[in-house]
file data_13.pdb (PDB, C-alpha atoms, pLDDT in the B column)
ATOM      1  CA  MET A  44     -18.074  32.412  49.159  1.00 40.00           C
ATOM      2  CA  PRO A  45     -17.654  28.840  50.523  1.00 44.00           C
ATOM      3  CA  GLU A  46     -20.458  27.719  48.157  1.00 44.00           C
ATOM      4  CA  ALA A  47     -18.527  29.027  45.105  1.00 47.00           C
ATOM      5  CA  ALA A  48     -15.415  27.198  46.313  1.00 46.00           C
ATOM      6  CA  ILE A  49     -17.361  23.931  46.600  1.00 51.00           C
ATOM      7  CA  ASP A  50     -18.789  24.463  43.100  1.00 80.00           C
ATOM      8  CA  LEU A  51     -15.327  25.082  41.626  1.00 84.00           C
ATOM      9  CA  GLY A  52     -13.897  21.985  43.313  1.00 86.00           C
ATOM     10  CA  GLU A  53     -16.803  19.913  42.003  1.00 90.00           C
ATOM     11  CA  GLU A  54     -16.372  21.353  38.481  1.00 91.00           C
ATOM     12  CA  LEU A  55     -12.687  20.435  38.545  1.00 92.00           C
ATOM     13  CA  ARG A  56     -13.575  16.891  39.600  1.00 93.00           C
ATOM     14  CA  ILE A  57     -16.109  16.631  36.752  1.00 93.00           C
ATOM     15  CA  ILE A  58     -13.654  17.983  34.150  1.00 94.00           C
ATOM     16  CA  ASP A  59     -11.017  15.512  35.387  1.00 94.00           C
ATOM     17  CA  THR A  60     -13.488  12.630  34.905  1.00 95.00           C
ATOM     18  CA  ARG A  61     -14.423  13.891  31.418  1.00 95.00           C
ATOM     19  CA  ILE A  62     -10.726  14.033  30.403  1.00 94.00           C
ATOM     20  CA  LYS A  63     -10.322  10.397  31.536  1.00 94.00           C
ATOM     21  CA  GLN A  64     -13.365   9.478  29.422  1.00 95.00           C
ATOM     22  CA  LEU A  65     -11.945  11.387  26.443  1.00 94.00           C
ATOM     23  CA  LYS A  66      -8.640   9.527  26.810  1.00 93.00           C
ATOM     24  CA  LEU A  67     -10.501   6.181  26.704  1.00 93.00           C
ATOM     25  CA  ASP A  68     -12.530   7.331  23.681  1.00 93.00           C
ATOM     26  CA  TYR A  69      -9.339   8.274  21.804  1.00 91.00           C
ATOM     27  CA  GLU A  70      -7.702   4.938  22.680  1.00 89.00           C
ATOM     28  CA  GLN A  71     -10.751   3.104  21.283  1.00 88.00           C
ATOM     29  CA  TYR A  72     -10.682   5.309  18.165  1.00 87.00           C
ATOM     30  CA  PHE A  73      -6.979   4.612  17.575  1.00 84.00           C
ATOM     31  CA  LEU A  74      -7.561   0.864  18.067  1.00 81.00           C
ATOM     32  CA  GLY A  75     -10.322   0.976  15.460  1.00 79.00           C
ATOM     33  CA  SER A  76     -13.196   0.004  17.788  1.00 82.00           C
ATOM     34  CA  ARG A  77     -14.712   3.487  17.542  1.00 84.00           C
ATOM     35  CA  PRO A  78     -15.696   4.785  14.070  1.00 87.00           C
ATOM     36  CA  ARG A  79     -15.164   8.522  14.666  1.00 90.00           C
ATOM     37  CA  GLU A  80     -12.764  10.749  16.553  1.00 91.00           C
ATOM     38  CA  PRO A  81     -14.384  12.074  19.789  1.00 93.00           C
ATOM     39  CA  ALA A  82     -14.052  15.673  18.540  1.00 92.00           C
ATOM     40  CA  MET A  83     -17.228  16.992  20.201  1.00 94.00           C
ATOM     41  CA  LEU A  84     -16.220  15.973  23.738  1.00 94.00           C
ATOM     42  CA  ARG A  85     -12.713  17.290  23.107  1.00 94.00           C
ATOM     43  CA  SER A  86     -14.140  20.652  21.971  1.00 94.00           C
ATOM     44  CA  GLU A  87     -16.371  20.901  25.058  1.00 95.00           C
ATOM     45  CA  ILE A  88     -13.453  20.138  27.396  1.00 94.00           C
ATOM     46  CA  GLN A  89     -11.253  22.650  25.515  1.00 95.00           C
ATOM     47  CA  LYS A  90     -13.864  25.408  26.023  1.00 94.00           C
ATOM     48  CA  THR A  91     -14.138  24.583  29.739  1.00 92.00           C
ATOM     49  CA  MET A  92     -10.351  24.658  30.132  1.00 93.00           C
ATOM     50  CA  VAL A  93     -10.168  28.086  28.417  1.00 93.00           C
ATOM     51  CA  ARG A  94     -12.949  29.362  30.715  1.00 91.00           C
ATOM     52  CA  PHE A  95     -11.048  28.134  33.808  1.00 90.00           C
ATOM     53  CA  ALA A  96      -7.776  29.616  32.496  1.00 91.00           C
ATOM     54  CA  ASN A  97      -9.428  33.038  32.142  1.00 91.00           C
ATOM     55  CA  THR A  98     -10.989  32.884  35.627  1.00 88.00           C
ATOM     56  CA  PRO A  99      -8.859  33.922  38.600  1.00 89.00           C
ATOM     57  CA  ILE A 100      -8.699  31.030  41.099  1.00 87.00           C
ATOM     58  CA  LYS A 101      -7.894  32.355  44.569  1.00 88.00           C
ATOM     59  CA  ASN A 102      -7.800  29.042  46.407  1.00 89.00           C
ATOM     60  CA  THR A 103      -4.231  27.713  46.108  1.00 91.00           C
ATOM     61  CA  ALA A 104      -5.229  24.027  46.250  1.00 91.00           C
ATOM     62  CA  GLU A 105      -7.829  24.485  43.502  1.00 91.00           C
ATOM     63  CA  ARG A 106      -5.421  26.520  41.352  1.00 92.00           C
ATOM     64  CA  PHE A 107      -2.833  23.736  41.730  1.00 93.00           C
ATOM     65  CA  LYS A 108      -5.444  21.098  40.840  1.00 93.00           C
ATOM     66  CA  PHE A 109      -6.550  23.066  37.759  1.00 93.00           C
ATOM     67  CA  ASN A 110      -2.939  23.553  36.621  1.00 94.00           C
ATOM     68  CA  SER A 111      -2.194  19.819  36.927  1.00 94.00           C
ATOM     69  CA  ILE A 112      -5.422  18.877  35.076  1.00 95.00           C
ATOM     70  CA  ASN A 113      -4.660  21.448  32.363  1.00 94.00           C
ATOM     71  CA  SER A 114      -1.079  20.204  32.014  1.00 94.00           C
ATOM     72  CA  ARG A 115      -2.284  16.591  31.640  1.00 95.00           C
ATOM     73  CA  PHE A 116      -4.905  17.644  29.063  1.00 95.00           C
ATOM     74  CA  MET A 117      -2.253  19.514  27.022  1.00 95.00           C
ATOM     75  CA  THR A 118       0.005  16.428  27.076  1.00 95.00           C
ATOM     76  CA  PHE A 119      -2.850  14.211  25.873  1.00 94.00           C
ATOM     77  CA  LYS A 120      -3.709  16.729  23.138  1.00 94.00           C
ATOM     78  CA  ARG A 121      -0.136  16.658  21.815  1.00 94.00           C
ATOM     79  CA  GLN A 122      -0.168  12.826  21.792  1.00 93.00           C
ATOM     80  CA  TRP A 123      -3.555  12.661  20.053  1.00 92.00           C
ATOM     81  CA  ASP A 124      -2.576  15.264  17.438  1.00 93.00           C
ATOM     82  CA  ASP A 125       0.688  13.419  16.760  1.00 91.00           C
ATOM     83  CA  THR A 126      -1.166  10.111  16.312  1.00 88.00           C
ATOM     84  CA  LEU A 127      -3.782  11.757  14.058  1.00 89.00           C
ATOM     85  CA  ARG A 128      -0.973  13.157  11.883  1.00 89.00           C
ATOM     86  CA  LYS A 129       0.551   9.660  11.620  1.00 84.00           C
ATOM     87  CA  ILE A 130      -2.837   8.194  10.650  1.00 80.00           C
ATOM     88  CA  GLU A 131      -3.263  10.835   7.927  1.00 83.00           C
ATOM     89  CA  ALA A 132       0.263  10.127   6.639  1.00 80.00           C
ATOM     90  CA  GLY A 133      -0.371   6.354   6.748  1.00 76.00           C
ATOM     91  CA  THR A 134       2.538   5.727   9.119  1.00 77.00           C
ATOM     92  CA  TYR A 135       0.593   4.905  12.284  1.00 73.00           C
ATOM     93  CA  THR A 136       2.060   1.608  13.552  1.00 72.00           C
ATOM     94  CA  ARG A 137      -1.170  -0.186  14.465  1.00 68.00           C
ATOM     95  CA  HIS A 138      -2.695   0.672  11.082  1.00 58.00           C
ATOM     96  CA  VAL A 139       0.452  -0.438   9.229  1.00 59.00           C
ATOM     97  CA  ILE A 140       0.430  -3.750  11.135  1.00 59.00           C
ATOM     98  CA  LYS A 141      -3.277  -4.287  10.308  1.00 60.00           C
ATOM     99  CA  ALA A 142      -2.699  -3.497   6.621  1.00 60.00           C
ATOM    100  CA  ASN A 143       0.258  -5.924   6.450  1.00 62.00           C
ATOM    101  CA  LEU A 144      -1.811  -8.654   8.100  1.00 61.00           C
ATOM    102  CA  HIS A 145      -4.733  -8.142   5.698  1.00 60.00           C
ATOM    103  CA  ASP A 146      -2.336  -8.339   2.725  1.00 62.00           C
ATOM    104  CA  ARG A 147      -0.757 -11.515   4.093  1.00 65.00           C
ATOM    105  CA  GLU A 148      -4.174 -13.127   4.762  1.00 65.00           C
ATOM    106  CA  ARG A 149      -5.311 -12.356   1.205  1.00 65.00           C
ATOM    107  CA  PHE A 150      -2.066 -13.824  -0.157  1.00 64.00           C
ATOM    108  CA  GLU A 151      -2.393 -16.976   1.981  1.00 64.00           C
ATOM    109  CA  ALA A 152      -6.072 -17.384   1.023  1.00 63.00           C
ATOM    110  CA  GLY A 153      -5.058 -17.344  -2.665  1.00 60.00           C
ATOM    111  CA  LYS A 154      -2.300 -19.907  -2.069  1.00 56.00           C
ATOM    112  CA  ALA A 155      -4.605 -22.256  -0.087  1.00 53.00           C
ATOM    113  CA  ASP A 156      -6.428 -23.288  -3.268  1.00 51.00           C
ATOM    114  CA  GLU A 157      -3.240 -24.586  -4.947  1.00 52.00           C
ATOM    115  CA  PRO A 158      -2.411 -28.348  -4.662  1.00 52.00           C
ATOM    116  CA  ALA A 159       0.535 -29.226  -2.426  1.00 50.00           C
ATOM    117  CA  THR A 160       3.696 -30.439  -4.184  1.00 52.00           C
ATOM    118  CA  PRO A 161       7.144 -31.110  -2.644  1.00 50.00           C
ATOM    119  CA  SER A 162       8.438 -27.785  -3.999  1.00 51.00           C
ATOM    120  CA  SER A 163       5.327 -25.908  -2.772  1.00 46.00           C
ATOM    121  CA  ARG A 164       5.814 -27.453   0.692  1.00 47.00           C
ATOM    122  CA  LYS A 165       9.403 -26.156   0.746  1.00 48.00           C
ATOM    123  CA  SER A 166       8.270 -22.709  -0.351  1.00 45.00           C
ATOM    124  CA  ALA A 167       5.503 -22.830   2.292  1.00 43.00           C
ATOM    125  CA  ALA A 168       8.130 -23.540   4.960  1.00 44.00           C
ATOM    126  CA  LYS A 169      10.190 -20.612   3.674  1.00 45.00           C
ATOM    127  CA  ALA A 170       7.058 -18.434   3.622  1.00 44.00           C
ATOM    128  CA  GLY A 171       6.359 -19.474   7.233  1.00 49.00           C
ATOM    129  CA  THR A 172       9.838 -18.336   8.250  1.00 53.00           C
ATOM    130  CA  ARG A 173       9.433 -15.132   6.222  1.00 53.00           C
ATOM    131  CA  SER A 174       6.023 -14.599   7.840  1.00 68.00           C
ATOM    132  CA  ASN A 175       7.606 -15.004  11.301  1.00 70.00           C
ATOM    133  CA  ARG A 176      10.265 -12.446  10.343  1.00 71.00           C
ATOM    134  CA  ASP A 177       7.472 -10.057   9.313  1.00 76.00           C
ATOM    135  CA  ILE A 178       5.841 -10.646  12.696  1.00 77.00           C
ATOM    136  CA  TYR A 179       9.207  -9.937  14.357  1.00 76.00           C
ATOM    137  CA  ALA A 180       9.526  -6.645  12.424  1.00 77.00           C
ATOM    138  CA  SER A 181       5.942  -5.664  13.333  1.00 78.00           C
ATOM    139  CA  TYR A 182       6.543  -6.644  16.969  1.00 76.00           C
ATOM    140  CA  MET A 183       9.732  -4.560  17.177  1.00 78.00           C
ATOM    141  CA  LYS A 184       8.081  -1.546  15.550  1.00 76.00           C
ATOM    142  CA  ALA A 185       5.035  -1.719  17.826  1.00 72.00           C
ATOM    143  CA  ALA A 186       7.223  -2.205  20.929  1.00 72.00           C
ATOM    144  CA  LYS A 187       9.320   0.867  20.064  1.00 73.00           C
ATOM    145  CA  SER A 188       6.198   2.976  19.506  1.00 71.00           C
ATOM    146  CA  CYS A 189       4.911   1.918  22.961  1.00 68.00           C
ATOM    147  CA  GLY A 190       8.287   2.417  24.660  1.00 69.00           C
ATOM    148  CA  GLN A 191       8.433  -1.285  25.599  1.00 73.00           C
ATOM    149  CA  SER A 192      11.864  -2.826  26.113  1.00 73.00           C
ATOM    150  CA  VAL A 193      12.807  -5.564  23.639  1.00 71.00           C
ATOM    151  CA  LYS A 194      16.361  -6.046  24.834  1.00 74.00           C
ATOM    152  CA  GLY A 195      17.681  -9.476  23.926  1.00 73.00           C
ATOM    153  CA  LEU A 196      14.799 -10.342  21.595  1.00 75.00           C
ATOM    154  CA  THR A 197      16.029 -11.812  18.301  1.00 78.00           C
ATOM    155  CA  PRO A 198      14.089 -13.147  15.299  1.00 77.00           C
ATOM    156  CA  GLU A 199      15.206 -16.661  16.254  1.00 79.00           C
ATOM    157  CA  LYS A 200      13.924 -16.335  19.855  1.00 78.00           C
ATOM    158  CA  LEU A 201      10.567 -14.998  18.681  1.00 77.00           C
ATOM    159  CA  GLU A 202      10.321 -17.758  16.058  1.00 80.00           C
ATOM    160  CA  ALA A 203      10.998 -20.384  18.749  1.00 78.00           C
ATOM    161  CA  VAL A 204       8.198 -18.902  20.886  1.00 80.00           C
ATOM    162  CA  ILE A 205       5.836 -18.879  17.882  1.00 79.00           C
ATOM    163  CA  GLN A 206       6.640 -22.521  17.018  1.00 81.00           C
ATOM    164  CA  LYS A 207       6.139 -23.627  20.627  1.00 82.00           C
ATOM    165  CA  GLN A 208       2.805 -21.809  20.952  1.00 80.00           C
ATOM    166  CA  ALA A 209       1.646 -23.018  17.527  1.00 77.00           C
ATOM    167  CA  SER A 210       2.287 -26.691  18.338  1.00 80.00           C
ATOM    168  CA  ALA A 211       0.553 -26.348  21.728  1.00 79.00           C
ATOM    169  CA  ILE A 212      -2.502 -24.678  20.122  1.00 77.00           C
ATOM    170  CA  LYS A 213      -2.642 -27.261  17.301  1.00 77.00           C
ATOM    171  CA  LYS A 214      -2.563 -30.073  19.864  1.00 80.00           C
ATOM    172  CA  LYS A 215      -5.095 -28.489  22.233  1.00 79.00           C
ATOM    173  CA  HIS A 216      -7.650 -27.285  19.661  1.00 76.00           C
ATOM    174  CA  GLY A 217      -7.024 -29.801  16.857  1.00 77.00           C
ATOM    175  CA  VAL A 218      -6.361 -27.151  14.237  1.00 75.00           C
ATOM    176  CA  GLN A 219      -4.227 -27.494  11.093  1.00 77.00           C
ATOM    177  CA  LYS A 220      -2.682 -24.040  11.158  1.00 80.00           C
ATOM    178  CA  VAL A 221      -2.109 -21.193  13.611  1.00 77.00           C
ATOM    179  CA  LYS A 222      -1.922 -17.567  12.538  1.00 81.00           C
ATOM    180  CA  PHE A 223      -0.199 -14.977  14.696  1.00 77.00           C
ATOM    181  CA  ARG A 224      -0.708 -11.241  14.770  1.00 80.00           C
ATOM    182  CA  VAL A 225       0.834  -8.387  16.735  1.00 78.00           C
ATOM    183  CA  GLU A 226      -1.548  -6.378  18.915  1.00 78.00           C
ATOM    184  CA  VAL A 227      -1.136  -3.552  21.393  1.00 74.00           C
ATOM    185  CA  VAL A 228      -3.247  -4.093  24.522  1.00 71.00           C
ATOM    186  CA  ASP A 229      -3.187  -1.492  27.309  1.00 66.00           C
ATOM    187  CA  GLY A 230       0.047  -0.056  25.938  1.00 67.00           C
ATOM    188  CA  LYS A 231       1.797  -3.455  25.814  1.00 75.00           C
ATOM    189  CA  VAL A 232       2.703  -5.410  22.685  1.00 74.00           C
ATOM    190  CA  LYS A 233       1.392  -8.966  22.575  1.00 78.00           C
ATOM    191  CA  LEU A 234       1.258 -11.854  20.125  1.00 76.00           C
ATOM    192  CA  LYS A 235      -2.278 -13.085  19.470  1.00 79.00           C
ATOM    193  CA  ALA A 236      -2.830 -16.550  18.002  1.00 77.00           C
ATOM    194  CA  THR A 237      -5.784 -17.743  15.914  1.00 77.00           C
ATOM    195  CA  GLY A 238      -6.328 -21.392  15.037  1.00 72.00           C
ATOM    196  CA  VAL A 239      -7.364 -22.222  11.442  1.00 71.00           C
ATOM    197  CA  LYS A 240      -9.051 -25.604  10.750  1.00 66.00           C
TER     198      LYS A 240
END
call {"tool": "encode", "arguments": {"input": "data_13.pdb", "output": "structure tokens"}}
result
Amino acid sequence: MPEAAIDLGEELRIIDTRIKQLKLDYEQYFLGSRPREPAMLRSEIQKTMVRFANTPIKNTAERFKFNSINSRFMTFKRQWDDTLRKIEAGTYTRHVIKANLHDRERFEAGKADEPATPSSRKSAAKAGTRSNRDIYASYMKAAKSCGQSVKGLTPEKLEAVIQKQASAIKKKHGVQKVKFRVEVVDGKVKLKATGVK
């Protein structure tokens, strides 16, 4: 009997570790660094959870541990399914931000070939401001989806931060232009800068 108890405790520890791995795999998939959804591992864990649910667990501590692991797994499943639905509908925030950035980069690449005139410089300045407003909108959207507080953040404040960072990067790295993009890293929204020579 004690041997079975040890085995069950060890199995619960293993399943807990596998759920943590599955969570990391899904995060990588949603960030785009993993090509496919980790459906096989999820299916294996699901089968194990069903097997545990249909097995009477007499030890109170182990039953409590299983219930907490199962509850966490169910919560993750709901989150993953919700995100997958958003991806299918094309409304997933990170994907929308990436698509907007790709469109903007293509537009800017097309404009880079045109000669600079006084009127084109003015329109470039306006486009820079418009671009910063797009970044602000993307930042706000991403922050809301992550539950991050953005109290007191205005387009003007974000633009001031962008200008300050851009001039510091231009000076430090000797670049002509600095592009900014919104990224979510470890559940927090951040501005990432890239220097363009």
call {"tool": "closest_residue", "arguments": {"input": "data_13.pdb", "among": "A:Lys207, A:Ala132, A:Ile100, A:Leu234", "to": "Ile178 in chain A", "atoms": "only C-alpha atoms"}}
result
A:Leu234
call {"tool": "residues_around", "arguments": {"input": "data_13.pdb", "residues": "His216 in chain A", "least_positions_apart": "3", "cutoff": "12 Å", "atoms": "only C-alpha atoms", "output": "ChimeraX atom specification"}}
result
/A:208-213,219-221,236-240
call {"tool": "resolve_selection", "arguments": {"input": "data_13.pdb", "expression": "the PyMOL selection byres ((chain A and resi 91-94) around 12)", "output": "CSV table (one decimal) with C-alpha atoms, in the coordinates of the input"}}
result
chain,number,residue,atom,x,y,z
A,51,LEU,CA,-15.3,25.1,41.6
A,54,GLU,CA,-16.4,21.4,38.5
A,55,LEU,CA,-12.7,20.4,38.5
A,57,ILE,CA,-16.1,16.6,36.8
A,58,ILE,CA,-13.7,18.0,34.2
A,59,ASP,CA,-11.0,15.5,35.4
A,61,ARG,CA,-14.4,13.9,31.4
A,62,ILE,CA,-10.7,14.0,30.4
A,84,LEU,CA,-16.2,16.0,23.7
A,85,ARG,CA,-12.7,17.3,23.1
A,86,SER,CA,-14.1,20.7,22.0
A,87,GLU,CA,-16.4,20.9,25.1
A,88,ILE,CA,-13.5,20.1,27.4
A,89,GLN,CA,-11.3,22.6,25.5
A,90,LYS,CA,-13.9,25.4,26.0
A,95,PHE,CA,-11.0,28.1,33.8
A,96,ALA,CA,-7.8,29.6,32.5
A,97,ASN,CA,-9.4,33.0,32.1
A,98,THR,CA,-11.0,32.9,35.6
A,99,PRO,CA,-8.9,33.9,38.6
A,100,ILE,CA,-8.7,31.0,41.1
A,109,PHE,CA,-6.6,23.1,37.8
A,110,ASN,CA,-2.9,23.6,36.6
A,111,SER,CA,-2.2,19.8,36.9
A,112,ILE,CA,-5.4,18.9,35.1
A,113,ASN,CA,-4.7,21.4,32.4
A,114,SER,CA,-1.1,20.2,32.0
A,115,ARG,CA,-2.3,16.6,31.6
A,116,PHE,CA,-4.9,17.6,29.1
A,117,MET,CA,-2.3,19.5,27.0
call {"tool": "atom_distance", "arguments": {"input": "data_13.pdb", "atom1": "CA of Ala180 in chain A", "atom2": "CA of Val193 in chain A"}}
result
11.7 Å
call {"tool": "closest_residue", "arguments": {"input": "data_13.pdb", "among": "A:Arg77, A:Gly52, A:Glu70, A:Gln206", "to": "Arg106 in chain A", "atoms": "all atoms listed in the file"}}
result
A:Gly52
call {"tool": "closest_residue", "arguments": {"input": "data_13.pdb", "among": "A:Leu74, A:Met83, A:Ala104, A:Leu127", "to": "Glu226 in chain A", "atoms": "only C-alpha atoms"}}
result
A:Leu74
call {"tool": "atom_distance", "arguments": {"input": "data_13.pdb", "atom1": "CA of Thr118 in chain A", "atom2": "CA of Ser188 in chain A"}}
result
16.6 Å
call {"tool": "atom_distance", "arguments": {"input": "data_13.pdb", "atom1": "CA of Glu53 in chain A", "atom2": "CA of Lys66 in chain A"}}
result
20.1 Å
call {"tool": "axis_aligned_box", "arguments": {"input": "data_13.pdb", "around": "range 66-79 of chain A", "padding_each_side": "6 Å", "output": "lines of an AutoDock Vina configuration file"}}
result
center_x = -11.3
center_y = 4.8
center_z = 20.4
size_x = 20.7
size_y = 21.5
size_z = 24.7
call {"tool": "closest_residue", "arguments": {"input": "data_13.pdb", "among": "A:Thr134, A:Lys108, A:Asp124, A:Ser76", "to": "Lys184 in chain A", "atoms": "only C-alpha atoms"}}
result
A:Thr134
